[in-house]
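Pasting final.pdb here (PDB, C-alpha atoms, pLDDT in the B column):
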ATOM      1  CA  MET A 221       8.791  -4.459   6.064  1.00 47.00           C
ATOM      2  CA  MET A 222       9.022  -2.473   2.849  1.00 53.00           C
ATOM      3  CA  TRP A 223      11.602   0.271   2.479  1.00 55.00           C
ATOM      4  CA  PRO A 224      11.399   3.119  -0.020  1.00 57.00           C
ATOM      5  CA  ILE A 225      14.215   2.979  -2.544  1.00 54.00           C
ATOM      6  CA  LEU A 226      15.218   6.583  -2.021  1.00 52.00           C
ATOM      7  CA  THR A 227      14.665   8.706   1.064  1.00 54.00           C
ATOM      8  CA  LYS A 228      15.991  11.965   2.378  1.00 54.00           C
ATOM      9  CA  GLY A 229      18.688  11.601   5.000  1.00 54.00           C
ATOM     10  CA  GLN A 230      19.583  14.050   7.753  1.00 56.00           C
ATOM     11  CA  SER A 231      21.565  16.178   5.307  1.00 56.00           C
ATOM     12  CA  GLY A 232      18.598  16.506   2.934  1.00 55.00           C
ATOM     13  CA  ASN A 233      20.296  14.639   0.099  1.00 56.00           C
ATOM     14  CA  LEU A 234      18.703  11.609  -1.507  1.00 53.00           C
ATOM     15  CA  VAL A 235      20.366   8.446  -0.256  1.00 52.00           C
ATOM     16  CA  ILE A 236      19.634   4.742  -0.401  1.00 53.00           C
ATOM     17  CA  ALA A 237      17.218   3.864   2.417  1.00 51.00           C
ATOM     18  CA  MET A 238      19.437   1.253   4.020  1.00 54.00           C
ATOM     19  CA  GLN A 239      22.255   3.747   4.413  1.00 52.00           C
ATOM     20  CA  ALA A 240      20.103   6.585   5.709  1.00 52.00           C
ATOM     21  CA  ASP A 241      19.897   7.184   9.434  1.00 57.00           C
ATOM     22  CA  LEU A 242      16.095   7.109   9.535  1.00 61.00           C
ATOM     23  CA  VAL A 243      14.076   7.488  12.696  1.00 68.00           C
ATOM     24  CA  VAL A 244      10.491   6.264  12.846  1.00 70.00           C
ATOM     25  CA  GLN A 245       8.388   8.635  14.923  1.00 78.00           C
ATOM     26  CA  TYR A 246       5.984   6.241  16.585  1.00 81.00           C
ATOM     27  CA  GLU A 247       4.589   8.964  18.836  1.00 87.00           C
ATOM     28  CA  LYS A 248       2.850  10.518  15.796  1.00 87.00           C
ATOM     29  CA  LEU A 249       0.891   7.347  14.932  1.00 86.00           C
ATOM     30  CA  PRO A 250      -2.073   7.924  17.292  1.00 92.00           C
ATOM     31  CA  ALA A 251      -2.602  11.397  15.838  1.00 93.00           C
ATOM     32  CA  MET A 252      -2.426  10.006  12.295  1.00 90.00           C
ATOM     33  CA  PHE A 253      -5.058   7.337  12.997  1.00 91.00           C
ATOM     34  CA  GLN A 254      -7.477   9.988  14.270  1.00 95.00           C
ATOM     35  CA  THR A 255      -7.752  11.600  10.819  1.00 94.00           C
ATOM     36  CA  VAL A 256     -10.727  10.729   8.636  1.00 95.00           C
ATOM     37  CA  THR A 257      -8.636  10.854   5.444  1.00 94.00           C
ATOM     38  CA  LEU A 258      -6.360   8.025   6.559  1.00 93.00           C
ATOM     39  CA  TRP A 259      -9.299   5.805   7.494  1.00 95.00           C
ATOM     40  CA  ARG A 260     -10.968   6.461   4.123  1.00 96.00           C
ATOM     41  CA  GLN A 261      -7.798   5.382   2.345  1.00 94.00           C
ATOM     42  CA  ILE A 262      -7.481   2.250   4.483  1.00 94.00           C
ATOM     43  CA  ILE A 263     -11.120   1.288   3.894  1.00 96.00           C
ATOM     44  CA  LEU A 264     -10.858   1.940   0.157  1.00 96.00           C
ATOM     45  CA  SER A 265      -7.716  -0.173  -0.020  1.00 95.00           C
ATOM     46  CA  VAL A 266      -9.335  -3.078   1.826  1.00 96.00           C
ATOM     47  CA  VAL A 267     -12.468  -2.955  -0.343  1.00 96.00           C
ATOM     48  CA  LEU A 268     -10.503  -2.837  -3.602  1.00 95.00           C
ATOM     49  CA  ASN A 269      -7.950  -5.493  -2.663  1.00 94.00           C
ATOM     50  CA  TRP A 270     -10.078  -7.998  -0.746  1.00 95.00           C
ATOM     51  CA  ILE A 271     -13.583  -7.620  -2.183  1.00 94.00           C
ATOM     52  CA  ILE A 272     -13.524  -6.212  -5.721  1.00 94.00           C
ATOM     53  CA  GLY A 273     -10.101  -7.576  -6.763  1.00 92.00           C
ATOM     54  CA  PRO A 274     -10.967 -11.295  -6.411  1.00 92.00           C
ATOM     55  CA  PHE A 275     -14.180 -10.844  -8.405  1.00 91.00           C
ATOM     56  CA  VAL A 276     -12.291  -9.113 -11.216  1.00 91.00           C
ATOM     57  CA  SER A 277      -9.671 -11.860 -11.210  1.00 90.00           C
ATOM     58  CA  VAL A 278     -12.235 -14.684 -11.318  1.00 89.00           C
ATOM     59  CA  SER A 279     -14.324 -13.001 -14.005  1.00 87.00           C
ATOM     60  CA  ALA A 280     -11.246 -12.446 -16.190  1.00 84.00           C
ATOM     61  CA  HIS A 281     -10.308 -16.114 -15.759  1.00 83.00           C
ATOM     62  CA  CYS A 282     -13.825 -17.257 -16.668  1.00 81.00           C
ATOM     63  CA  GLU A 283     -13.821 -15.069 -19.785  1.00 77.00           C
ATOM     64  CA  LEU A 284     -10.536 -16.594 -20.970  1.00 76.00           C
ATOM     65  CA  VAL A 285     -11.773 -20.136 -20.320  1.00 76.00           C
ATOM     66  CA  ALA A 286     -15.064 -19.447 -22.148  1.00 73.00           C
ATOM     67  CA  TYR A 287     -13.251 -18.251 -25.289  1.00 74.00           C
ATOM     68  CA  GLY A 288     -10.633 -21.007 -25.189  1.00 70.00           C
ATOM     69  CA  ARG A 289      -7.734 -18.585 -24.796  1.00 67.00           C
ATOM     70  CA  LEU A 290      -6.448 -20.096 -21.576  1.00 60.00           C
ATOM     71  CA  CYS A 291      -3.605 -22.588 -21.897  1.00 51.00           C
TER
END
Encoded form using C-alpha cells:
Amino acid sequence: MMWPILTKGQSGNLVIAMQADLVVQYEKLPAMFQTVTLWRQIILSVVLNWIIGPFVSVSAHCELVAYGRLC
C-alpha cells in the first residue's frame, strides 16, 4: 500500500503519515464508486497505462535501435 508523505492529522497540522492517527472510512467507498467522474479517471488510467503506454515504449525502443543509438 502506498502512503502519502504528508497528511493532516487530527489536530490539522501536517505530520508524517506513519505517525498520524489516520482512519480509513470504508463506508464511503460504495458512494465514491457510483460517481461517473471516478470511473472516467479509472478507465483513462487503464487505457493510458496498459494500452497506449506499451506501444509508446516499444516504438521508442524501435526508433533507438533503427538509428543505432541503443547500447
For CA of Leu249 (chain A) and CA of Gln261 (chain A), the interatomic separation in Å (one decimal): 15.4 Å
What is the CA of Cys282 (chain A)-CA of Ser265 (chain A) distance in Å, reported with one decimal?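 Spanning CA of Cys282 (chain A) to CA of Ser265 (chain A) is a straight-line distance of 24.6 Å.
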Take CA of Leu268 (chain A) and CA of Val285 (chain A) and report the distance between them in Å, one decimal. 24.1 Å
Coordinates of box centre and edge lengths for region 241-260 of chain A, 4 Å on every side, axis-aligned, as AutoDock Vina command-line options:
--center_x 4.5 --center_y 8.7 --center_z 11.5 --size_x 38.9 --size_y 13.8 --size_z 22.7
